[in-house]
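K.L.:
Below are the structure tokens for one structure; questions will follow.
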Amino acid sequence: MPYRPVKFFQVGSFAVGNRLLDEGGRSVQADRERSNTLTKGHRACQGCGEALGARYVLDAAMRATEGRLIAANATGCLEVFSTPYPESSWQLPWVHSLFGNAPAVASGVAAALKAKGRTDIRVIGQGGDGGTLDIGFACLSGMFERGDDVLYVCYDNEAYMNTGVQRSGATPPAARTATTKPVGEEPGNSFGQGKNAALIAMAHEIPYVATATVAELHDLEAKVERAMQFHGARYLHVFVPCPLGWGAASKDTIRIARLAKETGLFPVFEAEHGEVVAVSRIRRPVPVEEYLRLQRRFAHLFGDPPRTDVIERLQAIADRNIRRFGLLEEVPVA
């Protein structure tokens, strides 16, 4: 028999054994050819969705650019756990910016490369939801408006995790944080606050915008590689559960990310120049309650008596997303 390299398989919850996946559908978890851009030795919490997301995003970008890549990283969990002085887990040119100016620093790097005529080197900016949606929001919008040749990646764990789990512009309604207590008529975070960063990025009509989760790593890698086919400003918003801040079991990171998509709470899609061009459809619709029950930040909704009124409002948000993006699988007519 011809030699075939050993492959480490990843399968979804709807597969029974790897024999159901053809060769192209299998994911290589360990390979000598993999860049391992975020390598061992970092201090991320067990089950950290951000560490997983960053590893796959940067490795995919390194493949797409043949290793010619520079990253600008905002202050936050990703920076803190990956670069405890004097050590670093990054295996690429990497620069730490302030909390709020990673898009501007990445833009400056891209401008310097352009001035030097180095069109072969690409740039990624990255940060959490606080450094992206709140503190760095003006810099990000400016990057979009100028059309700087940067792919900016937001790893969204829905709060300021590094500084004590405070509310951010990405914290969902009813979620408990250190600054949104589970008390009163509207326990947890208020409804109607925050920002939908992907839709705001689309409003700038930049070449490419996409959302993804760490539950579908092939999809995440494909979107990074697709983004690198464009020049100009691009945006990728990645859903990364935080076991510590969300009060979830570390073993449930992927499960929670999958439920976020399958409930409709986190639509997964691609857009080009302001228009949605593809959506990742929901295979099996799930009520939002299944997602909420796995996280202590929503435990106050299931007390005595349970806050069914709040749960219904969250379900209405998911249902609206499903309608808005056409997320349900189309059932063929017999």
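Residues are referred to by chain and number: the chain letter is A, B, ... according to the order shown in the structure tokens, the number counts from 1 in that chain, and ligands are numbered separately from 1 in the order shown.
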Just the residues within 9 Å of Val276 in chain A, please, counting only C-alpha atoms, with nothing from its chain fewer than 6 positions along; format it as a PDB file with all heavy atoms, in the first residue's frame.
P.N.:
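What ended up in out38.pdb:
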ATOM      1  N   MET A 202     -20.242  45.874   7.686  1.00  0.00           N
ATOM      2  CA  MET A 202     -20.906  45.798   6.379  1.00  0.00           C
ATOM      3  C   MET A 202     -21.367  47.156   5.905  1.00  0.00           C
ATOM      4  O   MET A 202     -21.334  47.457   4.705  1.00  0.00           O
ATOM      5  CB  MET A 202     -22.095  44.838   6.446  1.00  0.00           C
ATOM      6  CG  MET A 202     -21.734  43.371   6.497  1.00  0.00           C
ATOM      7  SD  MET A 202     -23.201  42.336   6.751  1.00  0.00           S
ATOM      8  CE  MET A 202     -24.214  42.806   5.338  1.00  0.00           C
ATOM      9  N   VAL A 209     -16.553  40.812   4.906  1.00  0.00           N
ATOM     10  CA  VAL A 209     -16.948  40.707   6.309  1.00  0.00           C
ATOM     11  C   VAL A 209     -17.467  39.297   6.524  1.00  0.00           C
ATOM     12  O   VAL A 209     -18.191  38.762   5.673  1.00  0.00           O
ATOM     13  CB  VAL A 209     -18.045  41.723   6.685  1.00  0.00           C
ATOM     14  CG1 VAL A 209     -18.523  41.506   8.122  1.00  0.00           C
ATOM     15  CG2 VAL A 209     -17.557  43.148   6.487  1.00  0.00           C
ATOM     16  N   PHE A 269     -22.234  34.023   8.717  1.00  0.00           N
ATOM     17  CA  PHE A 269     -22.446  34.421   7.325  1.00  0.00           C
ATOM     18  C   PHE A 269     -21.193  35.071   6.754  1.00  0.00           C
ATOM     19  O   PHE A 269     -20.228  35.355   7.468  1.00  0.00           O
ATOM     20  CB  PHE A 269     -23.638  35.381   7.222  1.00  0.00           C
ATOM     21  CG  PHE A 269     -23.431  36.690   7.928  1.00  0.00           C
ATOM     22  CD1 PHE A 269     -22.881  37.786   7.271  1.00  0.00           C
ATOM     23  CD2 PHE A 269     -23.797  36.854   9.265  1.00  0.00           C
ATOM     24  CE1 PHE A 269     -22.687  39.003   7.911  1.00  0.00           C
ATOM     25  CE2 PHE A 269     -23.619  38.062   9.907  1.00  0.00           C
ATOM     26  CZ  PHE A 269     -23.057  39.141   9.235  1.00  0.00           C
ATOM     27  N   GLU A 270     -21.232  35.320   5.447  1.00  0.00           N
ATOM     28  CA  GLU A 270     -20.195  36.073   4.743  1.00  0.00           C
ATOM     29  C   GLU A 270     -20.849  37.206   3.973  1.00  0.00           C
ATOM     30  O   GLU A 270     -21.965  37.059   3.462  1.00  0.00           O
ATOM     31  CB  GLU A 270     -19.439  35.186   3.754  1.00  0.00           C
ATOM     32  CG  GLU A 270     -18.551  34.131   4.372  1.00  0.00           C
ATOM     33  CD  GLU A 270     -17.869  33.295   3.293  1.00  0.00           C
ATOM     34  OE1 GLU A 270     -18.536  32.396   2.755  1.00  0.00           O
ATOM     35  OE2 GLU A 270     -16.690  33.554   3.003  1.00  0.00           O
ATOM     36  N   PHE A 325     -31.537  36.450   8.216  1.00  0.00           N
ATOM     37  CA  PHE A 325     -30.441  35.891   7.425  1.00  0.00           C
ATOM     38  C   PHE A 325     -30.835  34.615   6.679  1.00  0.00           C
ATOM     39  O   PHE A 325     -30.009  34.053   5.954  1.00  0.00           O
ATOM     40  CB  PHE A 325     -29.237  35.600   8.322  1.00  0.00           C
ATOM     41  CG  PHE A 325     -28.564  36.840   8.850  1.00  0.00           C
ATOM     42  CD1 PHE A 325     -28.914  37.371  10.082  1.00  0.00           C
ATOM     43  CD2 PHE A 325     -27.586  37.483   8.106  1.00  0.00           C
ATOM     44  CE1 PHE A 325     -28.309  38.519  10.572  1.00  0.00           C
ATOM     45  CE2 PHE A 325     -26.966  38.630   8.586  1.00  0.00           C
ATOM     46  CZ  PHE A 325     -27.335  39.152   9.822  1.00  0.00           C
TER      47      PHE A 325
END
K.L.:
Just the residues within 12 Å of His42 in chain A, please, counting only C-alpha atoms, with nothing from its chain fewer than 6 positions along; format it as a PDB file with N, CA, C and O atoms, in the first residue's frame.
P.N.:
ATOM      1  N   CYS A  48     -10.297  27.531  26.778  1.00  0.00           N
ATOM      2  CA  CYS A  48     -10.387  28.897  26.249  1.00  0.00           C
ATOM      3  C   CYS A  48     -10.721  28.897  24.759  1.00  0.00           C
ATOM      4  O   CYS A  48      -9.950  28.402  23.933  1.00  0.00           O
ATOM      5  N   GLU A  50     -10.872  31.544  22.882  1.00  0.00           N
ATOM      6  CA  GLU A  50     -10.049  32.537  22.195  1.00  0.00           C
ATOM      7  C   GLU A  50      -8.720  31.945  21.750  1.00  0.00           C
ATOM      8  O   GLU A  50      -8.252  32.205  20.641  1.00  0.00           O
ATOM      9  N   ALA A  51      -8.093  31.133  22.616  1.00  0.00           N
ATOM     10  CA  ALA A  51      -6.827  30.513  22.245  1.00  0.00           C
ATOM     11  C   ALA A  51      -7.008  29.590  21.039  1.00  0.00           C
ATOM     12  O   ALA A  51      -6.189  29.577  20.113  1.00  0.00           O
ATOM     13  N   LEU A  52      -8.101  28.822  21.043  1.00  0.00           N
ATOM     14  CA  LEU A  52      -8.379  27.931  19.921  1.00  0.00           C
ATOM     15  C   LEU A  52      -8.628  28.728  18.648  1.00  0.00           C
ATOM     16  O   LEU A  52      -8.072  28.424  17.583  1.00  0.00           O
ATOM     17  N   ARG A  55      -5.402  30.359  17.280  1.00  0.00           N
ATOM     18  CA  ARG A  55      -4.495  29.376  16.666  1.00  0.00           C
ATOM     19  C   ARG A  55      -4.916  29.058  15.235  1.00  0.00           C
ATOM     20  O   ARG A  55      -4.089  29.048  14.314  1.00  0.00           O
ATOM     21  N   CYS A  77      -7.028  39.627  26.980  1.00  0.00           N
ATOM     22  CA  CYS A  77      -6.716  38.251  27.352  1.00  0.00           C
ATOM     23  C   CYS A  77      -5.699  37.617  26.402  1.00  0.00           C
ATOM     24  O   CYS A  77      -4.730  37.000  26.836  1.00  0.00           O
ATOM     25  N   LEU A  78      -5.937  37.743  25.096  1.00  0.00           N
ATOM     26  CA  LEU A  78      -5.071  37.090  24.122  1.00  0.00           C
ATOM     27  C   LEU A  78      -3.634  37.552  24.259  1.00  0.00           C
ATOM     28  O   LEU A  78      -2.701  36.748  24.209  1.00  0.00           O
ATOM     29  N   GLU A  79      -3.444  38.835  24.451  1.00  0.00           N
ATOM     30  CA  GLU A  79      -2.089  39.377  24.633  1.00  0.00           C
ATOM     31  C   GLU A  79      -1.494  38.947  25.958  1.00  0.00           C
ATOM     32  O   GLU A  79      -0.335  38.531  26.039  1.00  0.00           O
ATOM     33  N   VAL A  80      -2.289  38.988  27.028  1.00  0.00           N
ATOM     34  CA  VAL A  80      -1.761  38.700  28.364  1.00  0.00           C
ATOM     35  C   VAL A  80      -1.366  37.238  28.506  1.00  0.00           C
ATOM     36  O   VAL A  80      -0.279  36.913  29.011  1.00  0.00           O
ATOM     37  N   PHE A  81      -2.225  36.324  28.065  1.00  0.00           N
ATOM     38  CA  PHE A  81      -1.876  34.920  28.289  1.00  0.00           C
ATOM     39  C   PHE A  81      -0.832  34.394  27.310  1.00  0.00           C
ATOM     40  O   PHE A  81      -0.223  33.348  27.546  1.00  0.00           O
ATOM     41  N   SER A  82      -0.605  35.104  26.220  1.00  0.00           N
ATOM     42  CA  SER A  82       0.353  34.606  25.221  1.00  0.00           C
ATOM     43  C   SER A  82       1.740  35.227  25.343  1.00  0.00           C
ATOM     44  O   SER A  82       2.693  34.716  24.748  1.00  0.00           O
ATOM     45  N   THR A  83       1.875  36.333  26.090  1.00  0.00           N
ATOM     46  CA  THR A  83       3.179  37.001  26.172  1.00  0.00           C
ATOM     47  C   THR A  83       3.517  37.437  27.595  1.00  0.00           C
ATOM     48  O   THR A  83       3.757  38.624  27.848  1.00  0.00           O
ATOM     49  N   PRO A  84       3.564  36.502  28.546  1.00  0.00           N
ATOM     50  CA  PRO A  84       4.020  36.889  29.889  1.00  0.00           C
ATOM     51  C   PRO A  84       5.524  37.193  29.842  1.00  0.00           C
ATOM     52  O   PRO A  84       6.334  36.312  29.560  1.00  0.00           O
ATOM     53  N   TYR A  85       5.882  38.440  30.106  1.00  0.00           N
ATOM     54  CA  TYR A  85       7.287  38.871  29.973  1.00  0.00           C
ATOM     55  C   TYR A  85       8.206  37.957  30.785  1.00  0.00           C
ATOM     56  O   TYR A  85       7.921  37.639  31.934  1.00  0.00           O
ATOM     57  N   GLU A  87       8.516  36.054  27.954  1.00  0.00           N
ATOM     58  CA  GLU A  87       8.228  34.933  27.067  1.00  0.00           C
ATOM     59  C   GLU A  87       7.159  35.298  26.049  1.00  0.00           C
ATOM     60  O   GLU A  87       6.423  36.258  26.220  1.00  0.00           O
ATOM     61  N   SER A  88       7.079  34.488  24.990  1.00  0.00           N
ATOM     62  CA  SER A  88       6.044  34.676  23.983  1.00  0.00           C
ATOM     63  C   SER A  88       5.700  33.337  23.353  1.00  0.00           C
ATOM     64  O   SER A  88       6.582  32.493  23.147  1.00  0.00           O
ATOM     65  N   SER A  89       4.414  33.140  23.078  1.00  0.00           N
ATOM     66  CA  SER A  89       3.963  31.930  22.390  1.00  0.00           C
ATOM     67  C   SER A  89       3.745  32.159  20.898  1.00  0.00           C
ATOM     68  O   SER A  89       3.253  31.268  20.206  1.00  0.00           O
ATOM     69  N   TRP A  90       4.108  33.351  20.404  1.00  0.00           N
ATOM     70  CA  TRP A  90       3.880  33.677  18.996  1.00  0.00           C
ATOM     71  C   TRP A  90       5.101  33.338  18.158  1.00  0.00           C
ATOM     72  O   TRP A  90       6.227  33.647  18.524  1.00  0.00           O
TER      73      TRP A  90
END
K.L.:
Quick check for you: according to DSSP on this backbone, which residues of range 168-332 of chain A are classed as strand (DSSP E or B)? Reply as a PyMOL selection string.
P.N.:
chain A and resi 177+180+208-213+234-239+269-272+275-279+282+328
K.L.:
Using N, CA, C and O atoms, can you write the selected residues to a file as an mmCIF file, in the first residue's frame?
P.N.:
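Here's the written file part_0.cif:
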data_model
loop_
_atom_site.group_PDB
_atom_site.id
_atom_site.type_symbol
_atom_site.label_atom_id
_atom_site.label_comp_id
_atom_site.auth_asym_id
_atom_site.auth_seq_id
_atom_site.Cartn_x
_atom_site.Cartn_y
_atom_site.Cartn_z
ATOM 1 N N THR A 177 -22.722 40.092 34.536
ATOM 2 C CA THR A 177 -21.293 40.398 34.578
ATOM 3 C C THR A 177 -21.029 41.132 35.893
ATOM 4 O O THR A 177 -21.947 41.366 36.683
ATOM 5 N N THR A 180 -23.176 44.200 35.496
ATOM 6 C CA THR A 180 -24.606 44.025 35.172
ATOM 7 C C THR A 180 -25.143 42.930 36.091
ATOM 8 O O THR A 180 -25.129 41.753 35.739
ATOM 9 N N TYR A 208 -14.776 42.591 2.447
ATOM 10 C CA TYR A 208 -15.132 41.282 3.004
ATOM 11 C C TYR A 208 -15.428 41.394 4.489
ATOM 12 O O TYR A 208 -14.662 42.003 5.247
ATOM 13 N N VAL A 209 -16.553 40.812 4.906
ATOM 14 C CA VAL A 209 -16.948 40.707 6.309
ATOM 15 C C VAL A 209 -17.467 39.297 6.524
ATOM 16 O O VAL A 209 -18.191 38.762 5.673
ATOM 17 N N ALA A 210 -17.117 38.685 7.644
ATOM 18 C CA ALA A 210 -17.618 37.343 7.928
ATOM 19 C C ALA A 210 -17.709 37.129 9.432
ATOM 20 O O ALA A 210 -17.029 37.792 10.215
ATOM 21 N N THR A 211 -18.577 36.187 9.812
ATOM 22 C CA THR A 211 -18.649 35.717 11.189
ATOM 23 C C THR A 211 -18.351 34.229 11.196
ATOM 24 O O THR A 211 -18.564 33.531 10.192
ATOM 25 N N ALA A 212 -17.876 33.735 12.338
ATOM 26 C CA ALA A 212 -17.529 32.318 12.456
ATOM 27 C C ALA A 212 -17.516 31.935 13.932
ATOM 28 O O ALA A 212 -17.524 32.806 14.813
ATOM 29 N N THR A 213 -17.501 30.637 14.218
ATOM 30 C CA THR A 213 -17.385 30.149 15.582
ATOM 31 C C THR A 213 -16.293 29.094 15.651
ATOM 32 O O THR A 213 -15.907 28.501 14.629
ATOM 33 N N ARG A 234 -10.736 44.405 5.788
ATOM 34 C CA ARG A 234 -11.593 43.222 5.919
ATOM 35 C C ARG A 234 -11.833 42.965 7.408
ATOM 36 O O ARG A 234 -11.015 43.348 8.244
ATOM 37 N N TYR A 235 -12.963 42.304 7.727
ATOM 38 C CA TYR A 235 -13.326 42.095 9.126
ATOM 39 C C TYR A 235 -13.852 40.682 9.339
ATOM 40 O O TYR A 235 -14.705 40.202 8.584
ATOM 41 N N LEU A 236 -13.348 40.019 10.390
ATOM 42 C CA LEU A 236 -13.789 38.678 10.765
ATOM 43 C C LEU A 236 -14.155 38.691 12.245
ATOM 44 O O LEU A 236 -13.334 39.069 13.085
ATOM 45 N N HIS A 237 -15.373 38.289 12.560
ATOM 46 C CA HIS A 237 -15.880 38.288 13.938
ATOM 47 C C HIS A 237 -16.062 36.837 14.370
ATOM 48 O O HIS A 237 -16.896 36.118 13.816
ATOM 49 N N VAL A 238 -15.268 36.409 15.370
ATOM 50 C CA VAL A 238 -15.228 35.004 15.754
ATOM 51 C C VAL A 238 -15.818 34.834 17.161
ATOM 52 O O VAL A 238 -15.383 35.480 18.118
ATOM 53 N N PHE A 239 -16.800 33.951 17.292
ATOM 54 C CA PHE A 239 -17.459 33.664 18.563
ATOM 55 C C PHE A 239 -16.612 32.683 19.359
ATOM 56 O O PHE A 239 -16.392 31.544 18.938
ATOM 57 N N PHE A 269 -22.234 34.023 8.717
ATOM 58 C CA PHE A 269 -22.446 34.421 7.325
ATOM 59 C C PHE A 269 -21.193 35.071 6.754
ATOM 60 O O PHE A 269 -20.228 35.355 7.468
ATOM 61 N N GLU A 270 -21.232 35.320 5.447
ATOM 62 C CA GLU A 270 -20.195 36.073 4.743
ATOM 63 C C GLU A 270 -20.849 37.206 3.973
ATOM 64 O O GLU A 270 -21.965 37.059 3.462
ATOM 65 N N ALA A 271 -20.148 38.324 3.854
ATOM 66 C CA ALA A 271 -20.638 39.463 3.079
ATOM 67 C C ALA A 271 -19.491 40.065 2.283
ATOM 68 O O ALA A 271 -18.342 40.065 2.735
ATOM 69 N N GLU A 272 -19.796 40.541 1.104
ATOM 70 C CA GLU A 272 -18.817 41.222 0.258
ATOM 71 C C GLU A 272 -19.400 42.551 -0.189
ATOM 72 O O GLU A 272 -20.532 42.611 -0.678
ATOM 73 N N GLU A 275 -22.987 43.315 0.990
ATOM 74 C CA GLU A 275 -24.077 42.401 0.681
ATOM 75 C C GLU A 275 -23.759 41.001 1.212
ATOM 76 O O GLU A 275 -22.653 40.488 1.007
ATOM 77 N N VAL A 276 -24.726 40.364 1.886
ATOM 78 C CA VAL A 276 -24.554 38.985 2.342
ATOM 79 C C VAL A 276 -24.499 38.061 1.123
ATOM 80 O O VAL A 276 -25.393 38.103 0.267
ATOM 81 N N VAL A 277 -23.457 37.246 1.045
ATOM 82 C CA VAL A 277 -23.289 36.358 -0.103
ATOM 83 C C VAL A 277 -23.417 34.883 0.263
ATOM 84 O O VAL A 277 -23.576 34.037 -0.616
ATOM 85 N N ALA A 278 -23.329 34.561 1.563
ATOM 86 C CA ALA A 278 -23.452 33.158 1.982
ATOM 87 C C ALA A 278 -23.800 33.118 3.461
ATOM 88 O O ALA A 278 -23.371 33.970 4.238
ATOM 89 N N VAL A 279 -24.599 32.114 3.843
ATOM 90 C CA VAL A 279 -24.919 31.899 5.256
ATOM 91 C C VAL A 279 -24.671 30.430 5.589
ATOM 92 O O VAL A 279 -24.795 29.553 4.730
ATOM 93 N N ILE A 282 -28.737 26.571 9.752
ATOM 94 C CA ILE A 282 -28.970 25.787 10.954
ATOM 95 C C ILE A 282 -29.471 24.406 10.549
ATOM 96 O O ILE A 282 -30.462 24.277 9.830
ATOM 97 N N LEU A 328 -32.474 28.866 8.316
ATOM 98 C CA LEU A 328 -32.974 27.496 8.389
ATOM 99 C C LEU A 328 -32.689 26.746 7.101
ATOM 100 O O LEU A 328 -32.800 27.290 6.004
#
K.L.:
Residues within 10 Å of Ile70 in chain A, please, as a list of chain:residue names. Count only C-alpha atoms; anything in the same chain fewer than 3 positions from it doesn't count.
P.N.:
A:Leu58, A:Met62, A:Gly67, A:Asn73, A:Leu92, A:Pro93, A:Trp94, A:Val95, A:Ala106, A:Val109, A:Ala110, A:Ile121, A:Arg122, A:Val123, A:Ile124, A:Gly125
K.L.:
Restricting the calculation to only C-alpha atoms: of A:Glu290, A:Glu33, A:Asp309, A:Glu158, which residue gets closest to Ala170 in chain A?
P.N.:
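When distances to Ala170 in chain A are compared using only C-alpha atoms, the smallest one comes from A:Glu158.
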K.L.:
Between A:Arg297, A:Arg43, A:Arg283, A:Arg226, which is the closest to Val165 in chain A once you count only C-alpha atoms?
P.N.:
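For Val165 in chain A, the nearest of the candidates is A:Arg297.
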K.L.:
When DSSP works through the backbone of this structure, what residues of range 100-307 of chain A end up as helix (DSSP H, G or I), shown as number ranges by chain?
P.N.:
A: 102-115, 129-134, 137-146, 197-203, 217-227, 243-246, 250-263, 288-292, 296-302
K.L.:
Considering only C-alpha atoms, can you say which of A:Ala74, A:Met161, A:Ala174, A:Ile135 comes closest to Phe298 in chain A?
P.N.:
A:Ala174
K.L.:
With a distance cut-off of 10 Å and only C-alpha atoms, select the neighbouring residues of Ile317 in chain A, excluding the residue or stretch itself and same-chain residues fewer than 3 positions from it, and output the selection as a list of chain:residue names.
P.N.:
A:Pro173, A:Thr263, A:Gly264, A:Leu265, A:Phe266, A:Val288, A:Ile311, A:Glu312, A:Arg313, A:Leu314, A:Arg320, A:Asn321, A:Ile322
K.L.:
Near Gly128 in chain A, counting only C-alpha atoms, which residues have an atom at most 8 Å away, once you skip same-chain residues fewer than 3 positions from it, shown as a list of chain:residue names?
P.N.:
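With the cut-off at 8 Å, the set is A:Ala74, A:Gly76, A:Cys77, A:Leu78, A:Gly131, A:Thr132, A:Cys154, A:Tyr155, A:Asp156, A:Asn157.
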K.L.:
At what distance in Å, to one decimal, does CA of His204 in chain A lie from CA of Ala175 in chain A?
P.N.:
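Interatomic distance, CA of Ala175 in chain A to CA of His204 in chain A: 29.2 Å.
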